[in-house]
Every structure is written in structure tokens, then in C-alpha cells.
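As provided, my_file-v6.pdb (PDB, C-alpha atoms and all ligand atoms) reads as follows.
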ATOM      1  CA  MET A 266       6.099 143.322 -57.639
ATOM      2  CA  ALA A 267       7.848 143.919 -60.957
ATOM      3  CA  GLN A 268      11.190 143.112 -59.349
ATOM      4  CA  LYS A 269       9.841 139.950 -57.727
ATOM      5  CA  ILE A 270       8.319 138.755 -61.001
ATOM      6  CA  ALA A 271      11.514 139.504 -62.947
ATOM      7  CA  GLN A 272      13.499 137.592 -60.327
ATOM      8  CA  ASN A 273      11.141 134.633 -60.645
ATOM      9  CA  LEU A 274      11.597 134.663 -64.406
ATOM     10  CA  GLY A 275      15.352 135.216 -64.217
ATOM     11  CA  VAL A 276      15.179 138.370 -66.358
ATOM     12  CA  SER A 277      15.985 141.999 -65.667
ATOM     13  CA  LEU A 278      13.567 144.904 -65.774
ATOM     14  CA  ALA A 279      13.589 147.161 -68.812
ATOM     15  CA  ASN A 280      15.172 150.572 -68.592
ATOM     16  CA  VAL A 281      12.301 152.981 -68.204
ATOM     17  CA  GLU A 282      12.203 156.512 -66.871
ATOM     18  CA  ILE A 283       9.017 157.743 -65.250
ATOM     19  CA  THR A 284       8.975 161.371 -64.196
ATOM     20  CA  ARG A 285       6.478 164.162 -63.780
ATOM     21  CA  PHE A 286       6.269 167.476 -65.548
ATOM     22  CA  SER A 287       6.351 170.475 -63.229
ATOM     23  CA  ASP A 288       2.543 170.587 -63.307
ATOM     24  CA  GLY A 289       2.316 166.982 -62.123
ATOM     25  CA  GLU A 290       1.517 165.303 -65.438
ATOM     26  CA  CYS A 291       3.109 161.901 -65.948
ATOM     27  CA  ARG A 292       5.880 161.441 -68.512
ATOM     28  CA  VAL A 293       7.286 158.030 -69.422
ATOM     29  CA  TRP A 294      10.320 157.147 -71.510
ATOM     30  CA  VAL A 295      11.121 153.571 -72.547
ATOM     31  CA  LYS A 296      14.857 153.445 -73.202
ATOM     32  CA  GLU A 297      14.935 149.998 -74.800
ATOM     33  CA  ASP A 298      14.662 148.486 -78.242
ATOM     34  CA  VAL A 299      11.500 146.432 -77.872
ATOM     35  CA  ARG A 300      10.695 145.998 -81.573
ATOM     36  CA  GLY A 301       9.219 142.546 -82.151
ATOM     37  CA  LEU A 302       9.293 141.599 -78.465
ATOM     38  CA  ASN A 303       6.553 140.373 -76.141
ATOM     39  CA  THR A 304       6.412 143.017 -73.422
ATOM     40  CA  PHE A 305       4.699 143.142 -70.019
ATOM     41  CA  VAL A 306       3.855 146.223 -67.992
ATOM     42  CA  ILE A 307       3.332 145.513 -64.306
ATOM     43  CA  GLN A 308       1.239 148.013 -62.369
ATOM     44  CA  SER A 309      -1.454 147.675 -59.742
ATOM     45  CA  LEU A 310      -4.214 150.266 -59.810
ATOM     46  CA  SER A 311      -3.805 150.937 -56.116
ATOM     47  CA  LYS A 312      -3.633 154.303 -54.417
ATOM     48  CA  VAL A 313      -3.498 156.684 -56.248
ATOM     49  CA  ALA A 314      -5.440 154.633 -58.788
ATOM     50  CA  ASP A 315      -5.944 157.486 -61.269
ATOM     51  CA  GLU A 316      -2.208 158.190 -61.430
ATOM     52  CA  ASN A 317      -1.282 154.548 -61.731
ATOM     53  CA  LEU A 318      -3.803 154.015 -64.500
ATOM     54  CA  VAL A 319      -2.296 156.838 -66.536
ATOM     55  CA  GLU A 320       1.253 155.647 -65.838
ATOM     56  CA  LEU A 321       0.378 152.096 -66.921
ATOM     57  CA  SER A 322      -1.382 153.339 -70.042
ATOM     58  CA  LEU A 323       1.436 155.673 -71.086
ATOM     59  CA  LEU A 324       3.902 152.784 -70.777
ATOM     60  CA  GLY A 325       1.678 150.589 -72.911
ATOM     61  CA  TRP A 326       1.327 153.372 -75.478
ATOM     62  CA  ALA A 327       5.103 153.937 -75.640
ATOM     63  CA  LEU A 328       5.775 150.193 -76.064
ATOM     64  CA  LYS A 329       3.212 149.919 -78.860
ATOM     65  CA  ASN A 330       4.702 152.913 -80.640
ATOM     66  CA  LEU A 331       8.173 151.366 -80.347
ATOM     67  CA  GLY A 332       6.932 148.354 -82.300
ATOM     68  CA  ALA A 333       6.614 145.752 -79.511
ATOM     69  CA  LYS A 334       5.061 142.570 -80.861
ATOM     70  CA  THR A 335       2.662 142.315 -77.929
ATOM     71  CA  VAL A 336       1.997 144.509 -74.927
ATOM     72  CA  THR A 337       0.377 142.826 -71.931
ATOM     73  CA  ALA A 338      -0.798 144.661 -68.835
ATOM     74  CA  ILE A 339      -0.164 142.754 -65.630
ATOM     75  CA  ILE A 340      -2.524 144.432 -63.169
ATOM     76  CA  PRO A 341      -2.379 142.421 -59.922
ATOM     77  CA  TRP A 342      -5.087 144.617 -58.357
ATOM     78  CA  LEU A 343      -7.521 145.983 -60.915
ATOM     79  CA  GLY A 344      -8.550 149.190 -59.203
ATOM     80  CA  TYR A 345     -11.940 150.738 -60.016
ATOM     81  CA  SER A 346     -13.479 147.269 -60.118
ATOM     82  CA  LYS A 347     -15.574 147.915 -56.995
ATOM     83  CA  GLN A 348     -17.879 150.006 -59.173
ATOM     84  CA  ASP A 349     -18.795 147.257 -61.603
ATOM     85  CA  LYS A 350     -22.453 148.194 -61.822
ATOM     86  CA  GLU A 351     -24.864 151.067 -61.377
ATOM     87  CA  PHE A 352     -25.802 150.726 -57.697
ATOM     88  CA  ARG A 353     -27.848 153.930 -57.961
ATOM     89  CA  LYS A 354     -29.251 155.373 -61.178
ATOM     90  CA  GLY A 355     -26.816 157.798 -62.751
ATOM     91  CA  GLU A 356     -23.641 156.305 -61.304
ATOM     92  CA  ALA A 357     -20.782 155.682 -63.727
ATOM     93  CA  ILE A 358     -19.778 152.051 -64.122
ATOM     94  CA  SER A 359     -16.141 152.945 -63.534
ATOM     95  CA  ILE A 360     -14.500 149.681 -64.534
ATOM     96  CA  GLN A 361     -16.331 149.732 -67.858
ATOM     97  CA  LEU A 362     -14.581 152.951 -68.830
ATOM     98  CA  VAL A 363     -11.260 151.851 -67.309
ATOM     99  CA  ALA A 364     -11.418 148.765 -69.569
ATOM    100  CA  LYS A 365     -11.846 151.023 -72.608
ATOM    101  CA  PHE A 366      -8.990 153.236 -71.427
ATOM    102  CA  ILE A 367      -6.635 150.253 -71.099
ATOM    103  CA  GLU A 368      -7.620 148.990 -74.532
ATOM    104  CA  ALA A 369      -7.142 152.439 -76.063
ATOM    105  CA  ALA A 370      -3.589 152.492 -74.657
ATOM    106  CA  GLY A 371      -2.729 149.649 -77.035
ATOM    107  CA  PHE A 372      -2.624 146.686 -74.685
ATOM    108  CA  ASP A 373      -3.286 143.324 -76.302
ATOM    109  CA  LYS A 374      -4.169 141.499 -73.125
ATOM    110  CA  VAL A 375      -4.662 141.991 -69.379
ATOM    111  CA  ILE A 376      -3.654 139.560 -66.641
ATOM    112  CA  THR A 377      -5.054 140.153 -63.175
ATOM    113  CA  CYS A 378      -5.638 138.333 -59.887
ATOM    114  CA  GLU A 379      -8.978 137.484 -58.285
ATOM    115  CA  LEU A 380     -11.393 139.741 -60.145
ATOM    116  CA  HIS A 381     -13.984 141.403 -57.944
ATOM    117  CA  SER A 382     -16.779 139.994 -60.097
ATOM    118  CA  GLN A 383     -17.070 137.948 -63.249
ATOM    119  CA  ARG A 384     -19.260 140.582 -64.899
ATOM    120  CA  ILE A 385     -16.085 142.655 -65.369
ATOM    121  CA  LEU A 386     -14.958 140.162 -68.032
ATOM    122  CA  ASP A 387     -17.735 141.454 -70.288
ATOM    123  CA  PHE A 388     -16.366 144.986 -70.218
ATOM    124  CA  PHE A 389     -13.075 144.004 -71.857
ATOM    125  CA  LYS A 390     -12.869 143.436 -75.612
ATOM    126  CA  ILE A 391      -9.248 142.250 -75.305
ATOM    127  CA  PRO A 392      -8.533 138.974 -73.446
ATOM    128  CA  LEU A 393      -8.607 139.324 -69.678
ATOM    129  CA  VAL A 394      -7.006 136.514 -67.682
ATOM    130  CA  ASP A 395      -8.281 136.240 -64.114
ATOM    131  CA  LEU A 396      -5.877 134.230 -61.956
ATOM    132  CA  SER A 397      -7.349 132.514 -58.929
ATOM    133  CA  THR A 398      -5.325 132.990 -55.769
ATOM    134  CA  LYS A 399      -7.187 130.446 -53.657
ATOM    135  CA  LYS A 400      -4.267 128.009 -53.614
ATOM    136  CA  VAL A 401      -1.622 130.632 -52.814
ATOM    137  CA  LEU A 402      -3.640 131.865 -49.828
ATOM    138  CA  GLY A 403      -5.297 128.590 -48.827
ATOM    139  CA  GLU A 404      -1.978 126.804 -48.535
ATOM    140  CA  GLU A 405      -1.195 129.052 -45.577
ATOM    141  CA  LEU A 406      -3.864 127.326 -43.478
ATOM    142  CA  SER A 407      -3.304 124.460 -41.047
ATOM    143  CA  PHE A 408      -6.342 122.370 -41.875
ATOM    144  CA  ASN A 409      -8.321 120.568 -39.189
ATOM    145  CA  LYS A 410     -11.753 118.972 -38.801
ATOM    146  CA  ASN A 411     -13.091 121.994 -36.928
ATOM    147  CA  MET A 412     -12.564 124.315 -39.854
ATOM    148  CA  VAL A 413     -15.434 125.904 -41.766
ATOM    149  CA  VAL A 414     -15.513 128.465 -44.570
ATOM    150  CA  VAL A 415     -17.876 131.368 -44.043
ATOM    151  CA  CYS A 416     -18.936 133.228 -47.183
ATOM    152  CA  PRO A 417     -18.838 136.982 -46.366
ATOM    153  CA  ASP A 418     -21.540 138.181 -48.770
ATOM    154  CA  GLU A 419     -23.713 137.301 -51.742
ATOM    155  CA  GLY A 420     -21.196 138.776 -54.202
ATOM    156  CA  GLY A 421     -18.509 136.423 -52.911
ATOM    157  CA  ARG A 422     -20.635 133.269 -53.060
ATOM    158  CA  ASN A 423     -18.910 131.659 -56.076
ATOM    159  CA  ARG A 424     -15.449 132.532 -54.799
ATOM    160  CA  SER A 425     -16.121 131.099 -51.330
ATOM    161  CA  GLU A 426     -17.800 127.975 -52.661
ATOM    162  CA  ASP A 427     -14.910 127.391 -55.040
ATOM    163  CA  PHE A 428     -12.451 127.800 -52.158
ATOM    164  CA  ALA A 429     -14.386 125.416 -49.900
ATOM    165  CA  ARG A 430     -14.532 122.836 -52.709
ATOM    166  CA  GLU A 431     -10.812 123.134 -53.389
ATOM    167  CA  PHE A 432      -9.891 122.434 -49.783
ATOM    168  CA  ASN A 433     -12.773 120.103 -49.031
ATOM    169  CA  LEU A 434     -14.216 122.294 -46.281
ATOM    170  CA  PRO A 435     -17.855 122.830 -45.283
ATOM    171  CA  ILE A 436     -19.351 126.244 -45.985
ATOM    172  CA  LEU A 437     -21.767 128.555 -44.162
ATOM    173  CA  TYR A 438     -23.132 131.959 -45.163
ATOM    174  CA  ILE A 439     -23.449 135.444 -43.705
ATOM    175  CA  LYS A 440     -26.036 137.942 -44.845
ATOM    176  CA  LYS A 441     -24.672 141.482 -44.770
ATOM    177  CA  LYS A 442     -25.961 144.876 -45.806
ATOM    178  CA  ARG A 443     -23.952 147.948 -46.713
ATOM    179  CA  ASP A 444     -25.407 151.435 -46.456
ATOM    180  CA  LEU A 445     -24.535 152.948 -49.831
ATOM    181  CA  LYS A 446     -24.228 156.458 -48.425
ATOM    182  CA  SER A 447     -22.149 155.863 -45.295
ATOM    183  CA  GLY A 448     -20.481 152.649 -46.484
ATOM    184  CA  LYS A 449     -21.227 151.108 -43.054
ATOM    185  CA  VAL A 450     -21.706 147.346 -42.953
ATOM    186  CA  LYS A 451     -24.334 145.535 -40.893
ATOM    187  CA  VAL A 452     -24.588 141.788 -40.372
ATOM    188  CA  LEU A 453     -28.222 140.794 -40.911
ATOM    189  CA  LYS A 454     -27.861 137.071 -40.315
ATOM    190  CA  GLY A 455     -24.859 135.048 -39.245
ATOM    191  CA  PRO A 456     -24.325 131.286 -39.049
ATOM    192  CA  LYS A 457     -23.881 129.162 -35.891
ATOM    193  CA  VAL A 458     -20.173 128.510 -35.552
ATOM    194  CA  PHE A 459     -19.762 127.419 -31.944
ATOM    195  CA  GLY A 460     -16.261 125.995 -31.362
ATOM    196  CA  LYS A 461     -15.366 126.351 -35.049
ATOM    197  CA  GLU A 462     -12.264 127.652 -36.716
ATOM    198  CA  VAL A 463     -13.729 130.055 -39.262
ATOM    199  CA  VAL A 464     -12.043 130.919 -42.543
ATOM    200  CA  ILE A 465     -13.255 133.880 -44.607
ATOM    201  CA  PHE A 466     -11.900 134.120 -48.150
ATOM    202  CA  ASP A 467     -12.588 137.554 -49.651
ATOM    203  CA  ASP A 468     -11.190 139.487 -52.581
ATOM    204  CA  ILE A 469     -10.775 142.928 -51.018
ATOM    205  CA  ILE A 470     -10.320 144.467 -47.620
ATOM    206  CA  ASN A 471     -11.027 148.126 -48.177
ATOM    207  CA  THR A 472     -12.274 149.949 -45.079
ATOM    208  CA  GLY A 473     -12.171 146.761 -43.005
ATOM    209  CA  GLY A 474     -15.871 147.235 -42.178
ATOM    210  CA  THR A 475     -17.043 143.915 -43.622
ATOM    211  CA  ILE A 476     -14.444 141.821 -41.833
ATOM    212  CA  ALA A 477     -14.644 143.692 -38.504
ATOM    213  CA  GLN A 478     -18.452 143.489 -38.294
ATOM    214  CA  GLU A 479     -18.569 139.886 -39.420
ATOM    215  CA  ALA A 480     -15.782 138.798 -37.065
ATOM    216  CA  LYS A 481     -17.695 140.415 -34.193
ATOM    217  CA  ALA A 482     -20.858 138.503 -35.092
ATOM    218  CA  LEU A 483     -18.974 135.235 -35.582
ATOM    219  CA  LYS A 484     -17.185 135.528 -32.233
ATOM    220  CA  LYS A 485     -20.565 136.200 -30.631
ATOM    221  CA  SER A 486     -21.828 132.983 -32.186
ATOM    222  CA  GLY A 487     -18.986 131.092 -30.529
ATOM    223  CA  ALA A 488     -16.253 130.964 -33.181
ATOM    224  CA  LYS A 489     -13.044 129.702 -31.599
ATOM    225  CA  ARG A 490     -10.742 131.264 -34.135
ATOM    226  CA  ILE A 491     -11.215 133.537 -37.142
ATOM    227  CA  ILE A 492      -8.774 133.555 -40.030
ATOM    228  CA  VAL A 493      -9.270 136.005 -42.862
ATOM    229  CA  LEU A 494      -7.728 135.440 -46.259
ATOM    230  CA  ALA A 495      -8.051 138.486 -48.493
ATOM    231  CA  VAL A 496      -6.318 138.890 -51.799
ATOM    232  CA  HIS A 497      -6.141 142.662 -52.197
ATOM    233  CA  PRO A 498      -5.223 144.669 -49.082
ATOM    234  CA  VAL A 499      -6.599 148.022 -50.179
ATOM    235  CA  PHE A 500      -6.575 149.049 -46.488
ATOM    236  CA  SER A 501      -7.983 152.544 -46.931
ATOM    237  CA  GLY A 502      -8.213 154.960 -44.006
ATOM    238  CA  LYS A 503      -8.010 153.225 -40.631
ATOM    239  CA  ALA A 504      -8.575 149.700 -42.022
ATOM    240  CA  ALA A 505      -5.328 148.321 -40.592
ATOM    241  CA  SER A 506      -6.099 149.415 -37.048
ATOM    242  CA  ILE A 507      -9.768 148.374 -37.409
ATOM    243  CA  LEU A 508      -8.599 144.873 -38.292
ATOM    244  CA  ASP A 509      -5.962 144.819 -35.599
ATOM    245  CA  ASN A 510      -8.582 145.737 -32.989
ATOM    246  CA  SER A 511     -11.184 143.311 -34.348
ATOM    247  CA  PRO A 512     -11.745 139.741 -33.109
ATOM    248  CA  VAL A 513      -9.899 138.441 -36.212
ATOM    249  CA  ASP A 514      -7.087 136.141 -35.066
ATOM    250  CA  GLU A 515      -5.094 136.111 -38.253
ATOM    251  CA  ALA A 516      -5.276 138.130 -41.478
ATOM    252  CA  ILE A 517      -3.465 136.749 -44.491
ATOM    253  CA  VAL A 518      -3.276 138.969 -47.562
ATOM    254  CA  SER A 519      -1.313 138.965 -50.795
ATOM    255  CA  ASP A 520       1.107 141.500 -52.215
ATOM    256  CA  THR A 521      -1.064 142.621 -55.154
ATOM    257  CA  ILE A 522      -0.911 145.988 -53.390
ATOM    258  CA  LEU A 523       2.305 147.222 -51.828
ATOM    259  CA  LEU A 524       1.542 148.059 -48.202
ATOM    260  CA  PRO A 525       3.509 150.759 -46.419
ATOM    261  CA  LYS A 526       5.102 149.643 -43.136
ATOM    262  CA  GLU A 527       2.667 151.747 -41.075
ATOM    263  CA  LYS A 528      -0.185 149.524 -42.295
ATOM    264  CA  PHE A 529       1.438 146.376 -40.888
ATOM    265  CA  PHE A 530       0.056 144.916 -37.654
ATOM    266  CA  PRO A 531       0.970 141.800 -35.660
ATOM    267  CA  LYS A 532      -1.901 139.605 -36.924
ATOM    268  CA  LEU A 533      -1.041 140.351 -40.550
ATOM    269  CA  LYS A 534       0.822 137.988 -42.860
ATOM    270  CA  ILE A 535       1.636 138.779 -46.493
ATOM    271  CA  VAL A 536       2.110 136.076 -49.113
ATOM    272  CA  SER A 537       3.358 136.731 -52.609
ATOM    273  CA  VAL A 538       1.481 136.168 -55.855
ATOM    274  CA  ALA A 539       4.642 136.953 -57.860
ATOM    275  CA  PRO A 540       5.338 133.245 -58.634
ATOM    276  CA  LEU A 541       1.728 132.863 -59.822
ATOM    277  CA  LEU A 542       2.057 135.871 -62.159
ATOM    278  CA  ALA A 543       5.522 134.835 -63.323
ATOM    279  CA  GLY A 544       4.165 131.359 -64.136
ATOM    280  CA  CYS A 545       1.421 132.928 -66.216
ATOM    281  CA  ILE A 546       3.898 135.160 -68.095
ATOM    282  CA  LYS A 547       6.062 132.116 -68.819
ATOM    283  CA  LYS A 548       3.143 130.477 -70.581
ATOM    284  CA  GLU A 549       2.548 133.497 -72.840
TER
HETATM  285  C1  LIG B   1     -17.560 143.089 -51.369
HETATM  286  O1  LIG B   1     -18.214 142.984 -52.377
HETATM  287  C2  LIG B   1     -16.103 142.715 -51.347
HETATM  288  O2  LIG B   1     -15.929 141.396 -51.685
HETATM  289  C3  LIG B   1     -15.485 143.016 -50.008
HETATM  290  O3  LIG B   1     -16.136 142.255 -49.009
HETATM  291  C4  LIG B   1     -15.609 144.477 -49.681
HETATM  292  O4  LIG B   1     -15.225 145.263 -50.769
HETATM  293  C5  LIG B   1     -14.783 144.831 -48.484
HETATM  294  O5  LIG B   1     -14.919 146.194 -48.252
HETATM  295  P1  LIG B   1     -14.757 146.815 -46.810
HETATM  296  O6  LIG B   1     -13.443 146.343 -46.267
HETATM  297  O7  LIG B   1     -14.802 148.283 -47.040
HETATM  298  O8  LIG B   1     -15.925 146.336 -46.011
END
Would you mind giving the structure from this file in C-alpha cells?
Ligand code: R5P
Amino acid sequence: MAQKIAQNLGVSLANVEITRFSDGECRVWVKEDVRGLNTFVIQSLSKVADENLVELSLLGWALKNLGAKTVTAIIPWLGYSKQDKEFRKGEAISIQLVAKFIEAAGFDKVITCELHSQRILDFFKIPLVDLSTKKVLGEELSFNKNMVVVCPDEGGRNRSEDFAREFNLPILYIKKKRDLKSGKVKVLKGPKVFGKEVVIFDDIINTGGTIAQEAKALKKSGAKRIIVLAVHPVFSGKAASILDNSPVDEAIVSDTILLPKEKFFPKLKIVSVAPLLAGCIKKE
């Protein structure tokens, strides 16, 4: 991602060495004179999120100590944002602490793509820019009068409605339930979509459970075609094969998370958000 963004901006990447001590601890070394410069650290908090968070933060810390004028964290996928509230009493609100951690590392600003929920904005004291990816992903569709957006869950209502408005598409809703212990998803109520080309616009595909269960229900209700647009392909565990074996006809994701080749499957298409991020950096 960093290379793609640099290419888009016509600049080269800074000379940085990231190694590990023999005990596994991260060690970063910025070998550049950044005094007085606006600097950007690009790092998704994807697997292993804990390691990437520390790596990102150490880079920010080093840049601040070198006298950079500003240090901005470009975090295409803001890991830990799934836990943005206390689902059960006593749970840590992970993203709340991660926000504090990023701030403590000296960052002046964070730029991310398609936040999981707007409540995350409240956890950051520094500016957090949330870039919408609806156009980047939506422009991959071949629009037709049979197309309908289906909102995958209550949490995604605003995102789906915004997407449907942008592309002038009708919208229908699914009611789903997730078992907090097993993580299993159940469709409680699905819409009638006979003969329709269904588009689901979601922020994350993690286990693939939501999309697989919903695609099954939608196909049962007569959907002709199911296209899933998901911004962050977390693809944990067997998600890739679950999606490949699901009734989904096409899955379009972005490159906020670098997918290893073994997670590719024929129905999958990856589009880049690098131009979107580069455009945002240009404006800084
Ligand atoms: C839910 O709030 C999110 O928007 C996604 O629908 C969810 O995180 C997907 O998770 P999974 O792929 O594990 O069902």
C-alpha cells in the first residue's frame, strides 16, 4: 500500500529499517532527516494487529523525536474497531484504548477508510478522517434496473443507505443475529428479492459468516445474482473458502488489507484505495 500511494504521489518512500530484537520486540530506525517535514506512516492494523500497532506507533514516535512538523497515521484498516462497545459487561472497548495508544505515539492525525462505526470518532482526541470507499467499490458495478441494495445488518444501516442514495438504487433490509459466544450468524428475517440482482455493501468480511448466511437466505428468496462489496477483507480462518463455496456470485474487496495469494478465489476481485488515500494526502 505504501508503495502504491508513493507511486500515486510521485514520491519515494523514506529510508526506514524495521527489525526485531532476538526476543521478538520491534525496533524501528528512521534514517532520514525529517525535521520540519509533514510525514505519513502507512500501516494497516491487520493480522497480526498487535504487532502492526506497535510498529506503526514506534515509527510515529521516532518521527516526532526527529522533529517532523506533522506525523499522520494512514491506517487503511483500523484494526480493533470491531470492539467499539461493551457487548457484555466487563469487556474492554478495545478501539478506545487503541486510540489513546496512537495519540500517545505522537501522531497529529489519523486517516482511515470506511470506519466500522461512527462512534469510534468520539474515542479520538486528534482529528480522525474517515474516507468513504463507496465510489471506489460502487464504480465496479454494471448498473441495471433489476439491482437492489440489501443492508446486511442494523450496524450497517447508514452505510448501506448512503451507498443506495449515491447510486440511486432501492434498498431492502436483512435482520441478522450473531451469537456472541460462538460468533455464528443467523438470518432472522430476509427481504423478498425474486429475480433481483442484489448488492451488499459491508465494511468488513471477517469470518465470512454474515455474507455466507445472508447469501444463502437471499438465494432462497429468489435472488438472481448476489454481488458483495466489502471494504476490508479481514478473511480470518476459512473465510475465503466459505465465500467461494457460498451462493455469492462476485465478491469485490479493497486492498486496505494485503491478502496472501492463498486467500484468492475465482469470484474475488480486488480494487485499490491507494488513489483515494494519495488524494487525501495531497490535500494535507
Ligand atoms: C458487522 O457489524 C460488520 O459490518 C460485518 O458485517 C461483520 O463484521 C462481518 O463479520 P463476519 O464476516 O465474521 O460475519
Counting only C-alpha atoms, I want the residues whose atoms come within 10 Å of (6.1, 144.4, -79.9) in the file frame, returned as number ranges by chain.
A: 298-304, 328-337
Contacts of Arg424 in chain A within 9 Å, all atoms listed in the file, excl. fewer than 4 positions in-chain, as number ranges by chain:
A: 379, 399, 416, 420, 428-429, 466-468
May I have the residues at most 12 Å from (-8.2, 149.6, -40.6) in the file's coordinates, counting all atoms listed in the file, as a list in words?
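The residues near that point, listed by chain and number, are Ile470, Asn471, Thr472, Gly473, Gly474, Thr475, Ile476, Ala477, Pro498, Val499, Phe500, Ser501, Gly502, Lys503, Ala504, Ala505, Ser506, Ile507, Leu508, Asp509, Asn510, Ser511, Ala516, Glu527, Lys528, Phe529, Phe530 and Leu533 of chain A.
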Would you write out, as a ChimeraX atom specification, every residue that the PyMOL selection byres (((chain A and resi 358) around 12) and not hetatm) captures in this file?
/A:345-357,359-365,384-385,388
Hey, can you spit out that residue selection with C-alpha atoms as an mmCIF file, in the frame of the given file?
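result_27.cif, freshly written:
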data_model
loop_
_atom_site.group_PDB
_atom_site.id
_atom_site.type_symbol
_atom_site.label_atom_id
_atom_site.label_comp_id
_atom_site.auth_asym_id
_atom_site.auth_seq_id
_atom_site.Cartn_x
_atom_site.Cartn_y
_atom_site.Cartn_z
ATOM 1 C CA TYR A 345 -11.940 150.738 -60.016
ATOM 2 C CA SER A 346 -13.479 147.269 -60.118
ATOM 3 C CA LYS A 347 -15.574 147.915 -56.995
ATOM 4 C CA GLN A 348 -17.879 150.006 -59.173
ATOM 5 C CA ASP A 349 -18.795 147.257 -61.603
ATOM 6 C CA LYS A 350 -22.453 148.194 -61.822
ATOM 7 C CA GLU A 351 -24.864 151.067 -61.377
ATOM 8 C CA PHE A 352 -25.802 150.726 -57.697
ATOM 9 C CA ARG A 353 -27.848 153.930 -57.961
ATOM 10 C CA LYS A 354 -29.251 155.373 -61.178
ATOM 11 C CA GLY A 355 -26.816 157.798 -62.751
ATOM 12 C CA GLU A 356 -23.641 156.305 -61.304
ATOM 13 C CA ALA A 357 -20.782 155.682 -63.727
ATOM 14 C CA SER A 359 -16.141 152.945 -63.534
ATOM 15 C CA ILE A 360 -14.500 149.681 -64.534
ATOM 16 C CA GLN A 361 -16.331 149.732 -67.858
ATOM 17 C CA LEU A 362 -14.581 152.951 -68.830
ATOM 18 C CA VAL A 363 -11.260 151.851 -67.309
ATOM 19 C CA ALA A 364 -11.418 148.765 -69.569
ATOM 20 C CA LYS A 365 -11.846 151.023 -72.608
ATOM 21 C CA ARG A 384 -19.260 140.582 -64.899
ATOM 22 C CA ILE A 385 -16.085 142.655 -65.369
ATOM 23 C CA PHE A 388 -16.366 144.986 -70.218
#
Separation of CA of Lys548 in chain A from CA of Lys269 in chain A, in Å and rounded to one decimal
17.3 Å
Enter the distance from CA of Asn411 in chain A to CA of Val463 in chain A, in Å, rounded to one decimal.
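Computed distance, CA of Asn411 in chain A to CA of Val463 in chain A, equals 8.4 Å.
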Report, in Å to a single decimal, how far apart CA of Lys461 in chain A and CA of Lys489 in chain A are.
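Separation of CA of Lys489 in chain A and CA of Lys461 in chain A: 5.3 Å.
Proximity of A:Pro540, A:Pro341, A:Gly325, A:Gly289 to Ser311 in chain A, computed with only C-alpha atoms, is greatest for A:Pro341.
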Kindly resolve the PyMOL selection byres (((chain A and resi 402-408) around 10) and not hetatm) on the present coordinates and return the residues as a PyMOL selection string.
chain A and resi 397-401+409-413+428-429+431-434+462+464+466+492-496+517-519+534-538
So which residues get picked by the PyMOL selection byres (((chain A and resi 393) around 8) and not hetatm) here, written as a PyMOL selection string?
chain A and resi 374-377+386+389+391-392+394-395
Proximity to ligand LIG 1 (chain B) - best of A:Val450, A:Ile340, A:Leu380, A:Ala480, only C-alpha atoms and all ligand atoms
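Selected residue with least distance to ligand LIG 1 (chain B): A:Val450.
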